[in-house]
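Asks: For reference, the file model_19.cif (mmCIF, C-alpha atoms) is included below:
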data_protein
#
loop_
_atom_site.label_atom_id
_atom_site.label_comp_id
_atom_site.auth_asym_id
_atom_site.auth_seq_id
_atom_site.Cartn_x
_atom_site.Cartn_y
_atom_site.Cartn_z
CA MET P 1377 -49.77 20.27 1.00
CA ASN P 1378 -51.82 23.41 0.93
CA TYR P 1379 -54.32 21.54 -1.15
CA LEU P 1380 -55.28 19.28 1.74
CA ASP P 1381 -55.34 22.19 4.17
CA ASN P 1382 -57.79 23.99 1.92
CA MET P 1383 -59.86 20.89 1.49
CA PHE P 1384 -60.08 20.37 5.22
CA ALA P 1385 -60.59 24.02 6.11
CA THR P 1386 -64.35 23.67 6.35
CA LEU P 1387 -64.28 20.49 8.37
CA PRO P 1388 -64.47 20.55 12.15
CA LYS P 1389 -61.06 20.09 13.71
CA THR P 1390 -61.55 17.00 15.77
CA GLU P 1391 -59.01 14.32 16.55
CA GLN P 1392 -60.77 11.95 14.20
CA ILE P 1393 -60.67 14.34 11.28
CA LYS P 1394 -57.08 15.20 12.05
CA SER P 1395 -56.04 11.59 11.94
CA ILE P 1396 -57.87 11.02 8.67
CA LYS P 1397 -56.17 14.06 7.23
CA GLU P 1398 -52.80 12.68 8.27
CA ASP P 1399 -53.58 9.32 6.68
CA LEU P 1400 -54.73 10.97 3.49
CA LEU P 1401 -51.60 13.06 3.37
CA SER P 1402 -49.40 10.03 3.85
CA ASN P 1403 -51.30 8.12 1.16
CA MET P 1404 -51.01 10.98 -1.25
CA GLU P 1405 -47.30 11.30 -0.56
CA ASP P 1406 -46.80 7.59 -1.20
CA LYS P 1407 -48.77 7.82 -4.41
CA TYR P 1408 -46.86 10.90 -5.50
CA ASN P 1409 -43.47 9.32 -4.81
CA GLU P 1410 -44.42 6.19 -6.68
CA LEU P 1411 -45.65 8.14 -9.68
CA LYS P 1412 -42.44 10.14 -9.66
CA SER P 1413 -40.26 7.05 -9.56
CA SER P 1414 -42.25 5.51 -12.40
CA GLY P 1415 -41.06 8.41 -14.54
CA LYS P 1416 -43.92 10.89 -14.30
CA SER P 1417 -43.09 14.59 -14.14
CA GLU P 1418 -43.80 16.55 -11.00
CA ASN P 1419 -46.81 18.24 -12.58
CA GLU P 1420 -48.25 15.01 -13.90
CA ALA P 1421 -47.83 13.33 -10.53
CA VAL P 1422 -49.51 16.17 -8.66
CA GLY P 1423 -52.30 16.19 -11.25
CA ILE P 1424 -52.96 12.49 -10.86
CA VAL P 1425 -52.85 12.61 -7.08
CA ILE P 1426 -55.34 15.48 -7.01
CA SER P 1427 -57.62 13.95 -9.59
CA GLU P 1428 -57.77 10.75 -7.57
CA PHE P 1429 -58.48 12.57 -4.36
CA GLY P 1430 -62.21 12.70 -4.91
CA ASN P 1431 -64.78 14.98 -3.40
CA ILE P 1432 -64.46 16.33 0.11
CA ASP P 1433 -68.26 16.55 0.37
CA GLU P 1434 -68.32 12.79 0.40
CA LEU P 1435 -66.27 12.73 3.59
CA MET P 1436 -68.28 15.55 5.09
CA LYS P 1437 -71.54 13.77 4.47
CA GLU P 1438 -70.13 10.67 6.09
CA PHE P 1439 -69.02 12.57 9.19
CA ASP P 1440 -71.71 15.18 9.51
CA ILE P 1441 -74.13 12.91 11.30
CA GLU P 1442 -71.60 12.00 13.93
CA LEU P 1443 -70.07 15.37 14.33
CA ASP P 1444 -73.13 17.55 14.64
CA GLY P 1445 -72.86 17.48 18.40
CA GLU P 1446 -69.14 17.96 18.61
CA ARG P 1447 -69.18 20.88 16.32
CA ASP P 1448 -70.98 23.06 18.83
CA GLU P 1449 -68.39 22.40 21.49
CA LEU P 1450 -66.15 25.09 20.14
CA PRO P 1451 -67.98 28.33 20.80
CA THR P 1452 -68.15 30.66 17.85
CA LEU P 1453 -67.41 34.21 18.82
CA THR P 1454 -69.81 36.92 17.77
CA GLU P 1455 -68.65 40.25 16.50
CA ASP P 1456 -69.80 41.91 19.72
CA GLU P 1457 -67.80 39.51 21.84
CA VAL P 1458 -64.68 40.13 19.79
CA ASN P 1459 -65.08 43.89 19.89
CA ASN P 1460 -65.75 43.77 23.58
CA TYR P 1461 -62.71 41.63 24.14
CA LEU P 1462 -60.54 44.08 22.26
CA LYS P 1463 -62.08 46.97 24.19
CA VAL P 1464 -61.56 45.41 27.60
CA ASN P 1465 -58.06 44.39 26.64
CA LYS P 1466 -57.24 47.91 25.56
CA LYS P 1467 -58.54 49.27 28.84
CA TRP P 1468 -56.48 46.68 30.64
CA SER P 1469 -53.37 47.70 28.71
CA ILE P 1470 -53.90 51.32 29.69
CA PHE P 1471 -54.34 50.43 33.34
CA PHE P 1472 -51.39 48.12 33.37
CA GLY P 1473 -49.11 50.51 31.49
CA THR P 1474 -50.11 53.39 33.74
CA GLY P 1475 -49.72 51.24 36.84
CA VAL P 1476 -46.17 50.37 35.92
CA PHE P 1477 -45.49 54.01 35.14
CA ILE P 1478 -46.77 55.06 38.58
CA CYS P 1479 -44.57 52.45 40.26
CA LEU P 1480 -41.54 53.86 38.51
CA LEU P 1481 -42.71 57.35 39.41
CA ALA P 1482 -42.76 56.29 43.04
CA LEU P 1483 -39.10 55.36 42.75
CA ILE P 1484 -38.21 58.51 40.86
CA GLN P 1485 -39.65 60.81 43.49
CA LEU P 1486 -37.36 59.22 46.06
CA ILE P 1487 -34.49 60.85 44.16
CA LEU P 1488 -36.26 63.95 42.97
CA ILE P 1489 -37.77 65.32 46.17
CA PRO P 1490 -34.61 65.29 48.33
CA GLN P 1491 -32.86 67.05 45.48
CA ILE P 1492 -35.52 69.75 45.30
CA ILE P 1493 -35.38 70.22 49.02
CA GLU P 1494 -31.62 70.34 49.02
CA ASP P 1495 -31.69 73.03 46.39
CA GLY P 1496 -33.94 75.03 48.66
CA VAL P 1497 -36.88 75.17 46.34
CA ILE P 1498 -39.14 74.19 49.19
CA THR P 1499 -37.45 76.16 51.93
CA ASP P 1500 -39.90 75.53 54.72
CA LEU P 1501 -39.22 71.87 54.91
CA SER P 1502 -35.49 71.90 54.45
CA GLU P 1503 -34.64 72.35 58.15
CA ASN P 1504 -36.62 69.61 59.77
CA PHE P 1505 -36.67 67.33 56.81
CA ASN P 1506 -36.86 63.64 57.53
CA ASP P 1507 -36.09 61.00 54.96
CA ASP P 1508 -38.95 58.86 56.19
CA ILE P 1509 -41.41 61.37 54.86
CA LEU P 1510 -40.46 60.31 51.36
CA LEU P 1511 -41.98 56.96 51.99
CA ILE P 1512 -45.45 58.47 52.26
CA PRO P 1513 -45.74 59.50 48.60
CA PHE P 1514 -43.85 56.33 47.72
CA PHE P 1515 -46.39 54.04 49.31
CA LEU P 1516 -49.25 56.23 48.17
CA LEU P 1517 -48.20 55.86 44.55
CA ILE P 1518 -47.56 52.14 44.91
CA ALA P 1519 -51.02 51.78 46.44
CA ILE P 1520 -52.60 53.55 43.47
CA ALA P 1521 -50.66 51.29 41.11
CA ILE P 1522 -51.75 48.16 42.95
CA ALA P 1523 -55.35 49.36 42.85
CA MET P 1524 -55.04 49.77 39.10
CA PHE P 1525 -53.48 46.34 38.63
CA THR P 1526 -56.17 44.71 40.73
CA TYR P 1527 -58.99 46.48 38.96
CA ALA P 1528 -57.61 45.65 35.54
CA GLY P 1529 -56.92 42.09 36.56
CA MET P 1530 -60.44 41.53 37.85
CA GLU P 1531 -61.96 42.90 34.71
CA MET P 1532 -59.92 40.43 32.70
CA SER P 1533 -60.14 37.29 34.75
CA PHE P 1534 -63.69 37.38 36.00
CA GLY P 1535 -65.17 38.15 32.63
CA LYS P 1536 -66.10 35.47 30.18
CA TYR P 1537 -62.92 36.37 28.37
CA ARG P 1538 -61.16 33.68 30.26
CA ASP P 1539 -62.60 31.28 27.73
CA LEU P 1540 -60.63 32.99 25.04
CA GLU P 1541 -57.44 31.57 26.43
CA LYS P 1542 -58.81 28.20 25.47
CA ARG P 1543 -60.37 27.42 22.15
CA PHE P 1544 -63.00 29.04 20.05
CA LYS P 1545 -64.02 29.47 16.47
CA LEU P 1546 -64.27 32.54 14.35
CA THR P 1547 -66.50 32.98 11.39
CA VAL P 1548 -64.57 33.56 8.18
CA HIS P 1549 -66.03 37.02 7.93
CA LEU P 1550 -65.14 38.02 11.47
CA ARG P 1551 -61.67 36.59 11.13
CA LYS P 1552 -61.10 38.73 8.08
CA SER P 1553 -62.23 41.84 9.90
CA ILE P 1554 -59.92 41.11 12.84
CA GLU P 1555 -57.08 40.52 10.42
CA ASN P 1556 -57.78 43.88 8.84
CA LYS P 1557 -57.77 45.60 12.21
CA ASN P 1558 -54.56 43.81 13.10
CA ASP P 1559 -52.98 44.87 9.82
CA SER P 1560 -53.90 48.49 10.35
CA PHE P 1561 -52.65 48.32 13.93
CA HIS P 1562 -49.33 46.84 12.93
CA PRO P 1563 -47.67 50.05 11.68
CA THR P 1564 -48.74 51.80 14.91
CA TYR P 1565 -47.25 48.97 16.88
CA THR P 1566 -44.00 49.03 14.96
CA ARG P 1567 -43.78 52.80 15.34
CA SER P 1568 -44.41 52.65 19.06
CA ILE P 1569 -41.71 50.04 19.51
CA ILE P 1570 -39.26 52.12 17.48
CA ILE P 1571 -40.11 55.25 19.46
CA GLY P 1572 -39.73 53.35 22.72
CA VAL P 1573 -36.36 51.95 21.73
CA VAL P 1574 -35.09 55.24 20.38
CA ILE P 1575 -36.00 57.26 23.43
CA SER P 1576 -34.57 54.60 25.70
CA PHE P 1577 -31.31 54.84 23.82
CA LEU P 1578 -31.34 58.59 23.83
CA SER P 1579 -32.25 58.90 27.49
CA PRO P 1580 -28.61 59.12 28.72
CA ILE P 1581 -28.43 62.38 26.77
CA THR P 1582 -30.24 64.06 29.65
CA LEU P 1583 -27.22 63.25 31.76
CA PHE P 1584 -24.91 65.00 29.32
CA ILE P 1585 -27.15 68.00 29.00
CA GLU P 1586 -27.42 68.16 32.74
CA SER P 1587 -23.69 68.07 33.29
CA ALA P 1588 -23.19 70.61 30.52
CA ILE P 1589 -25.44 73.11 32.17
CA ASN P 1590 -24.45 72.53 35.72
CA GLU P 1591 -22.12 69.95 37.08
CA ASP P 1592 -23.59 69.92 40.53
CA VAL P 1593 -27.18 68.90 40.10
CA SER P 1594 -26.72 65.75 38.10
CA SER P 1595 -29.48 63.94 39.97
CA TYR P 1596 -32.04 65.89 37.93
CA GLY P 1597 -30.47 64.22 34.94
CA VAL P 1598 -30.99 60.84 36.53
CA VAL P 1599 -34.60 61.75 37.25
CA PHE P 1600 -35.22 62.69 33.65
CA LEU P 1601 -33.48 59.56 32.45
CA LEU P 1602 -35.66 57.38 34.62
CA LEU P 1603 -38.74 59.34 33.60
CA ILE P 1604 -38.02 58.74 29.93
CA ILE P 1605 -37.36 55.07 30.50
CA SER P 1606 -40.63 54.85 32.42
CA ILE P 1607 -42.49 56.38 29.51
CA ALA P 1608 -40.82 53.94 27.12
CA THR P 1609 -41.73 51.02 29.38
CA SER P 1610 -45.35 52.13 29.48
CA ILE P 1611 -45.39 52.39 25.70
CA PHE P 1612 -43.99 48.87 25.39
CA ILE P 1613 -46.55 47.48 27.80
CA TYR P 1614 -49.54 49.32 26.36
CA PHE P 1615 -48.92 48.47 22.73
CA GLY P 1616 -47.56 45.04 23.58
CA PHE P 1617 -50.80 44.04 25.26
CA ILE P 1618 -52.93 45.30 22.40
CA LYS P 1619 -50.78 43.30 20.03
CA MET P 1620 -51.24 40.28 22.25
CA SER P 1621 -55.02 40.57 22.17
CA TYR P 1622 -54.99 40.43 18.38
CA ASP P 1623 -52.61 37.52 18.49
CA THR P 1624 -54.87 35.66 20.88
CA LEU P 1625 -57.80 36.12 18.56
CA LEU P 1626 -55.94 35.12 15.44
CA LYS P 1627 -53.29 32.72 16.61
CA ILE P 1628 -55.36 30.00 18.18
CA GLU P 1629 -56.94 29.21 14.89
CA HIS P 1630 -53.60 29.38 13.16
CA SER P 1631 -51.91 26.97 15.45
CA ASN P 1632 -54.74 24.54 14.94
CA SER P 1633 -54.29 24.27 11.24
CA ASN P 1634 -50.56 24.82 11.00
CA ARG P 1635 -49.48 22.39 13.61
CA GLU P 1636 -50.29 19.37 11.54
CA TYR P 1637 -47.90 19.95 8.71
CA LYS P 1638 -44.60 21.62 9.24
CA MET V 903 -62.85 3.39 -16.36
CA ILE V 904 -65.91 2.51 -14.31
CA SER V 905 -68.00 5.41 -13.04
CA SER V 906 -68.20 5.63 -9.29
CA ASP V 907 -72.00 5.80 -9.44
CA VAL V 908 -72.34 2.27 -10.73
CA ILE V 909 -69.95 0.74 -8.26
CA ARG V 910 -71.05 2.69 -5.19
CA GLY V 911 -72.96 -0.09 -3.50
CA TYR V 912 -69.94 -2.38 -3.73
CA ASN V 913 -67.07 -0.24 -2.49
CA ASP V 914 -67.45 -1.73 0.96
CA THR V 915 -67.38 -5.23 -0.49
CA ILE V 916 -64.24 -4.49 -2.48
CA ILE V 917 -62.45 -3.09 0.57
CA LEU V 918 -63.49 -6.04 2.74
CA TYR V 919 -62.16 -8.42 0.10
CA MET V 920 -58.82 -6.63 0.25
CA LEU V 921 -58.69 -7.21 4.00
CA LEU V 922 -59.72 -10.87 3.90
CA ASP V 923 -56.20 -12.29 3.72
CA ASN V 924 -54.17 -9.68 5.48
CA ASP V 925 -54.41 -6.35 7.26
CA SER V 926 -53.65 -3.34 5.14
CA TYR V 927 -53.59 0.42 5.06
CA GLY V 928 -55.19 3.09 2.88
CA TYR V 929 -52.68 3.47 0.12
CA GLU V 930 -51.95 -0.23 -0.22
CA ILE V 931 -55.66 -1.00 -0.50
CA SER V 932 -56.28 1.61 -3.17
CA LYS V 933 -53.18 0.48 -5.06
CA ASN V 934 -54.30 -3.16 -4.96
CA ILE V 935 -57.80 -2.26 -6.12
CA LYS V 936 -56.29 -0.43 -9.04
CA GLU V 937 -54.04 -3.36 -9.95
CA LEU V 938 -56.66 -6.03 -9.47
CA SER V 939 -59.12 -4.16 -11.68
CA ASP V 940 -56.49 -3.71 -14.40
CA GLU V 941 -56.69 0.02 -13.72
CA LYS V 942 -60.36 0.00 -14.73
CA TYR V 943 -61.40 1.12 -11.29
CA ILE V 944 -59.48 3.68 -9.27
CA ILE V 945 -61.05 4.38 -5.91
CA LYS V 946 -60.95 8.02 -4.82
CA GLU V 947 -59.30 8.86 -1.51
CA THR V 948 -62.46 10.38 -0.13
CA THR V 949 -64.51 7.35 -1.17
CA LEU V 950 -62.02 5.07 0.52
CA TYR V 951 -62.03 6.96 3.80
CA SER V 952 -65.81 7.40 3.87
CA ALA V 953 -66.01 3.63 3.47
CA PHE V 954 -63.44 3.02 6.25
CA ASN V 955 -65.46 5.21 8.54
CA ARG V 956 -68.73 3.51 7.65
CA LEU V 957 -67.26 0.03 8.01
CA MET V 958 -65.75 0.87 11.39
CA LYS V 959 -69.02 2.35 12.61
CA ASN V 960 -70.74 -0.90 11.71
CA GLY V 961 -68.00 -2.92 13.36
CA TYR V 962 -66.96 -4.68 10.15
CA ILE V 963 -63.37 -3.49 10.40
CA GLU V 964 -61.16 -2.08 13.11
CA SER V 965 -58.15 0.19 12.88
CA PHE V 966 -54.81 0.10 14.62
CA PHE V 967 -51.49 1.88 14.31
CA LYS V 968 -48.41 0.23 12.98
CA LYS V 969 -44.95 1.68 12.70
CA GLU V 970 -43.17 1.01 9.45
CA THR V 971 -39.49 0.18 9.39
CA HIS V 972 -38.61 3.69 8.26
CA GLY V 973 -40.56 5.16 11.15
CA LYS V 974 -43.76 6.24 9.43
CA ARG V 975 -46.84 5.55 11.50
CA ARG V 976 -49.72 4.14 9.50
CA THR V 977 -53.33 3.40 10.25
CA TYR V 978 -53.93 -0.23 9.41
CA TYR V 979 -57.30 -1.89 9.08
CA ARG V 980 -58.31 -5.39 10.06
CA ILE V 981 -61.52 -7.22 9.15
CA THR V 982 -63.68 -8.50 12.02
CA GLN V 983 -65.80 -11.65 12.19
CA SER V 984 -68.97 -9.65 11.57
CA GLY V 985 -67.13 -8.04 8.67
CA ILE V 986 -66.51 -11.48 7.19
CA ASN V 987 -70.18 -12.37 7.63
CA TYR V 988 -71.24 -9.14 6.00
CA TYR V 989 -68.85 -9.82 3.13
CA LYS V 990 -70.43 -13.22 2.54
CA GLU V 991 -73.88 -11.64 2.49
CA LYS V 992 -72.73 -9.10 -0.05
CA CYS V 993 -71.27 -11.87 -2.23
CA ASN V 994 -74.62 -13.66 -2.25
CA GLU V 995 -76.37 -10.40 -2.96
CA TRP V 996 -74.08 -9.78 -5.89
CA GLU V 997 -74.67 -13.22 -7.34
CA LEU V 998 -78.38 -12.50 -7.28
CA THR V 999 -77.97 -8.98 -8.65
CA LYS V 1000 -75.73 -10.21 -11.43
CA GLU V 1001 -78.22 -12.89 -12.36
CA VAL V 1002 -81.15 -10.48 -12.40
CA ILE V 1003 -79.41 -7.67 -14.26
CA ASN V 1004 -78.02 -10.15 -16.77
CA ARG V 1005 -81.56 -10.98 -17.83
CA PHE V 1006 -81.95 -7.43 -19.05
CA ILE V 1007 -78.66 -7.30 -20.85
CA LYS V 1008 -78.77 -7.98 -24.56
CA GLU V 1009 -75.63 -9.66 -25.83
CA GLY V 1010 -73.94 -8.32 -28.92
CA PHE V 1011 -76.15 -5.23 -29.05
#
Please lay out the structure from this file as C-alpha cells.

Replies:
Amino acid sequence: MNYLDNMFATLPKTEQIKSIKEDLLSNMEDKYNELKSSGKSENEAVGIVISEFGNIDELMKEFDIELDGERDELPTLTEDEVNNYLKVNKKWSIFFGTGVFICLLALIQLILIPQIIEDGVITDLSENFNDDILLIPFFLLIAIAIAMFTYAGMEMSFGKYRDLEKRFKLTVHLRKSIENKNDSFHPTYTRSIIIGVVISFLSPITLFIESAINEDVSSYGVVFLLLIISIATSIFIYFGFIKMSYDTLLKIEHSNSNREYK
Amino acid sequence: MISSDVIRGYNDTIILYMLLDNDSYGYEISKNIKELSDEKYIIKETTLYSAFNRLMKNGYIESFFKKETHGKRRTYYRITQSGINYYKEKCNEWELTKEVINRFIKEGF
C-alpha cells in the first residue's frame, strides 16, 4: 500500500485525514479482492484499483480550506534549529560521557591510590596514611561529574529543544540532509560500538599481563581493567547519544507515517 | 463512460440517493453507483471522499463506525433530514436542467 502512502505524503497528518486514508485503503482492498475473485490477474486488479482512485488534488482542495489553520500547529524546523539541536546534543553527549567517566575514575582511585602508597611511591604519606583521605578526591571527582551532568541537563531541558520530544515537521530538503548526515555518521557509530565491545572483552588481558610480570601487584591490573571499561562506557554513551539525536529528528516523522499500515 | 466533468454537479445527488433507503459505506456506495449506471459511471475514490466531506460539512449526511462480522471497522454514512430536503431540491433542479438542455439537443443528429 505504498501507493496510498505516497499519495498522502503531502497531506497534513491529522486525525481526519488519517481516518479517510484508512477508509480509502479498506475500500481499495475490498475492490481489489473482488476483482481478484472475479478472475482478474493481480496486475489487472491493481491497475483498475489505481485507475479508479482519482486525483489526490481533489481531496486536498476539499480539505485545504479547513486545514489551513491546523497545518501550522506542527512547527516546521529550520535548518538552523536542526543544526543547533545536533550541536547542543553533541555537547551534551560529551559532558555526559565525560561525567560518567569521572565517576568511574573516582571509584578507580579508591583502589589505585592505596596501592601506590603501599608500594612506597609516595613515601611521605605512607606512615600516617588514613583511609578517609581517599574520600576527598572521591567526592571531589563526583562533585565535578555532578556539575557536568547538571550543566548538560540544563542546556537540554531549558532550551526550546524540549519541543523536539513532541512533534514537528521537517521540510523534505532538510530531512534529506539530516538523513545524509545520519548515513555518514552510521559507520562511525558502528565502529565506535565495535571498538567499545572489543576493548571491553579484551580488558581482562591486563590482569593476565599484570600477573605475568609480577604476581604481587595485581590491583594495578584491576585499575587498568576498570579504566578500559570506563573508556568503553564513555564511548558507548557519547556515540549513543549522538545516534539518538539523529533518531529523534528522523524517527518522529517515520512513526507517523508507518504506524498506520503494518 | 461518462466524463467526470459533466457529472460533477450531481455527484452529491447520486450519493444522497444511495443513502436514501439504507446507510452505507464508501465501497458499497461506489459499487452500487457502478452497477446502477450499468458501468457507465465509475466514481473515483477521491471524488467520493471529497463529496462525503462536503456533505458532512453541510450537515446533509453524518458518519458513524460500524463493526463488520469479520471484525473490520467501517465508516458508515447516514442521510439527515436536511440531506433529504437538499436531495429533493436537487431533483427539482435536475428536472428543470434536463428540460432546458433538452431544448438545445437535436435528435438524430

Asks: Applied to the shown file, which residues does the PyMOL selection byres ((chain P and resi 1614) around 9) return, written as a list in words?

Replies: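 For this structure, the PyMOL selection byres ((chain P and resi 1614) around 9) captures Lys1466, Trp1468, Ser1469, Ile1470, Phe1471, Phe1472, Gly1473, Thr1474, Thr1609, Ser1610, Ile1611, Phe1612, Ile1613, Phe1615, Gly1616, Phe1617, Ile1618 and Lys1619 of chain P.
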
Asks: Sorted by chain and rising residue number, list the residues of chain V at most 10 Å from chain P (counting all atoms listed in the file), each with its closest atom pair and distance in Å to one decimal, as a tab-separated table.

Replies:
residue	atom	partner	partner_atom	distance
V:Tyr927	CA	P:Asn1403	CA	8.9
V:Gly928	CA	P:Asn1403	CA	6.6
V:Tyr929	CA	P:Asn1403	CA	5.0
V:Glu930	CA	P:Asn1403	CA	8.5
V:Ser932	CA	P:Asn1403	CA	9.3
V:Lys933	CA	P:Lys1407	CA	8.6
V:Ile944	CA	P:Glu1428	CA	7.5
V:Ile945	CA	P:Glu1428	CA	7.4
V:Lys946	CA	P:Gly1430	CA	4.8
V:Glu947	CA	P:Phe1429	CA	4.7
V:Thr948	CA	P:Gly1430	CA	5.3
V:Thr949	CA	P:Glu1434	CA	6.8
V:Leu950	CA	P:Leu1435	CA	9.3
V:Tyr951	CA	P:Leu1435	CA	7.2
V:Ser952	CA	P:Leu1435	CA	5.4
V:Ala953	CA	P:Glu1438	CA	8.6
V:Asn955	CA	P:Glu1438	CA	7.6
V:Arg956	CA	P:Glu1438	CA	7.5
V:Lys974	CA	P:Ser1402	CA	8.8
V:Arg975	CA	P:Asp1399	CA	9.1
V:Arg976	CA	P:Asp1399	CA	7.0
V:Thr977	CA	P:Asp1399	CA	6.9
V:Tyr978	CA	P:Asp1399	CA	9.9

Asks: Write the residues of the selection above to a file with C-alpha atoms, as a JSON list (two decimals), in the frame of the given file.

Replies:
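Written output follows (part_12.json):
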[["chain", "number", "residue", "atom", "x", "y", "z"],
["V", 927, "TYR", "CA", -53.59, 0.42, 5.06],
["V", 928, "GLY", "CA", -55.19, 3.09, 2.88],
["V", 929, "TYR", "CA", -52.68, 3.47, 0.12],
["V", 930, "GLU", "CA", -51.95, -0.23, -0.22],
["V", 932, "SER", "CA", -56.28, 1.61, -3.17],
["V", 933, "LYS", "CA", -53.18, 0.48, -5.06],
["V", 944, "ILE", "CA", -59.48, 3.68, -9.27],
["V", 945, "ILE", "CA", -61.05, 4.38, -5.91],
["V", 946, "LYS", "CA", -60.95, 8.02, -4.82],
["V", 947, "GLU", "CA", -59.30, 8.86, -1.51],
["V", 948, "THR", "CA", -62.46, 10.38, -0.13],
["V", 949, "THR", "CA", -64.51, 7.35, -1.17],
["V", 950, "LEU", "CA", -62.02, 5.07, 0.52],
["V", 951, "TYR", "CA", -62.03, 6.96, 3.80],
["V", 952, "SER", "CA", -65.81, 7.40, 3.87],
["V", 953, "ALA", "CA", -66.01, 3.63, 3.47],
["V", 955, "ASN", "CA", -65.46, 5.21, 8.54],
["V", 956, "ARG", "CA", -68.73, 3.51, 7.65],
["V", 974, "LYS", "CA", -43.76, 6.24, 9.43],
["V", 975, "ARG", "CA", -46.84, 5.55, 11.50],
["V", 976, "ARG", "CA", -49.72, 4.14, 9.50],
["V", 977, "THR", "CA", -53.33, 3.40, 10.25],
["V", 978, "TYR", "CA", -53.93, -0.23, 9.41]]

Asks: Quick one, how far is atom CA of Asp923 of chain V from atom CA of Gln983 of chain V?

Replies: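 Atom-to-atom, atom CA of Asp923 of chain V and atom CA of Gln983 of chain V are spaced 12.8 Å apart.
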
Asks: What lies within 8 Å of Tyr943 of chain V using all atoms listed in the file, ignoring chain neighbours under 6 positions off, as a list in words?

Replies: Met903, Ile904, Ile935 and Lys936 of chain V

Asks: Could you turn the residues from that selection into a file that holds C-alpha atoms, as an mmCIF file, keeping the file's coordinate frame?

Replies:
data_model
loop_
_atom_site.group_PDB
_atom_site.id
_atom_site.type_symbol
_atom_site.label_atom_id
_atom_site.label_comp_id
_atom_site.auth_asym_id
_atom_site.auth_seq_id
_atom_site.Cartn_x
_atom_site.Cartn_y
_atom_site.Cartn_z
ATOM 1 C CA MET V 903 -62.850 3.390 -16.360
ATOM 2 C CA ILE V 904 -65.910 2.510 -14.310
ATOM 3 C CA ILE V 935 -57.800 -2.260 -6.120
ATOM 4 C CA LYS V 936 -56.290 -0.430 -9.040
#

Asks: Report as a list of chain:residue names the residues that result from applying the PyMOL selection byres ((chain V and resi 917) around 9) to the structure here.

Replies: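 This file, filtered by the PyMOL selection byres ((chain V and resi 917) around 9), leaves V:Tyr912, V:Asn913, V:Asp914, V:Thr915, V:Ile916, V:Leu918, V:Tyr919, V:Met920, V:Leu921, V:Leu922, V:Ile931, V:Ser932, V:Ile935, V:Leu950, V:Ala953, V:Phe954.
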
Asks: I'd like the interatomic distance between atom CA of Val1573 of chain P and atom CA of Ala1608 of chain P, to a tenth of an Å.

Replies: 7.3 Å

Asks: Within 12 Å of Pro1580 of chain P, counting all atoms listed in the file, which residues qualify if same-chain residues fewer than 2 places away don't, as an mmCIF file with C-alpha atoms, keeping the file's coordinate frame?

Replies:
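Result went into around18.cif, see below:
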data_model
loop_
_atom_site.group_PDB
_atom_site.id
_atom_site.type_symbol
_atom_site.label_atom_id
_atom_site.label_comp_id
_atom_site.auth_asym_id
_atom_site.auth_seq_id
_atom_site.Cartn_x
_atom_site.Cartn_y
_atom_site.Cartn_z
ATOM 1 C CA VAL P 1574 -35.090 55.240 20.380
ATOM 2 C CA ILE P 1575 -36.000 57.260 23.430
ATOM 3 C CA SER P 1576 -34.570 54.600 25.700
ATOM 4 C CA PHE P 1577 -31.310 54.840 23.820
ATOM 5 C CA LEU P 1578 -31.340 58.590 23.830
ATOM 6 C CA THR P 1582 -30.240 64.060 29.650
ATOM 7 C CA LEU P 1583 -27.220 63.250 31.760
ATOM 8 C CA PHE P 1584 -24.910 65.000 29.320
ATOM 9 C CA ILE P 1585 -27.150 68.000 29.000
ATOM 10 C CA GLU P 1586 -27.420 68.160 32.740
ATOM 11 C CA SER P 1587 -23.690 68.070 33.290
ATOM 12 C CA SER P 1594 -26.720 65.750 38.100
ATOM 13 C CA TYR P 1596 -32.040 65.890 37.930
ATOM 14 C CA GLY P 1597 -30.470 64.220 34.940
ATOM 15 C CA VAL P 1598 -30.990 60.840 36.530
ATOM 16 C CA VAL P 1599 -34.600 61.750 37.250
ATOM 17 C CA PHE P 1600 -35.220 62.690 33.650
ATOM 18 C CA LEU P 1601 -33.480 59.560 32.450
ATOM 19 C CA LEU P 1602 -35.660 57.380 34.620
ATOM 20 C CA LEU P 1603 -38.740 59.340 33.600
ATOM 21 C CA ILE P 1604 -38.020 58.740 29.930
ATOM 22 C CA ILE P 1605 -37.360 55.070 30.500
#

Asks: Evaluate the PyMOL selection byres ((chain V and resi 961) around 10) against this structure - the residues, as an NGL selection string, please.

Replies: :V and (955-960 or 962-964 or 981-985)

Asks: If you measure from atom CA of Ile1569 of chain P to atom CA of Met1620 of chain P, what distance in Å do you get, rounded to one decimal?

Replies: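 Here the two named atoms are 13.9 Å from each other.
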
Asks: Hey, what's within 10 Å of Ile1478 of chain P if we count all atoms listed in the file and toss same-chain stuff fewer than 6 positions away? As a list in words, please?

Replies: Phe1472, Ile1484, Phe1514, Leu1516, Leu1517, Ile1518, Ala1519, Ile1520, Ala1521, Ile1522, Met1524, Ser1606 and Ser1610 of chain P

Asks: When distances are computed from only C-alpha atoms, which of P:Leu1626, P:Ile1487, P:Ile1581, P:Ile1570 shows the smallest separation from Ile1554 of chain P?

Replies: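 Among P:Leu1626, P:Ile1487, P:Ile1581, P:Ile1570, it is P:Leu1626 that comes nearest to Ile1554 of chain P.
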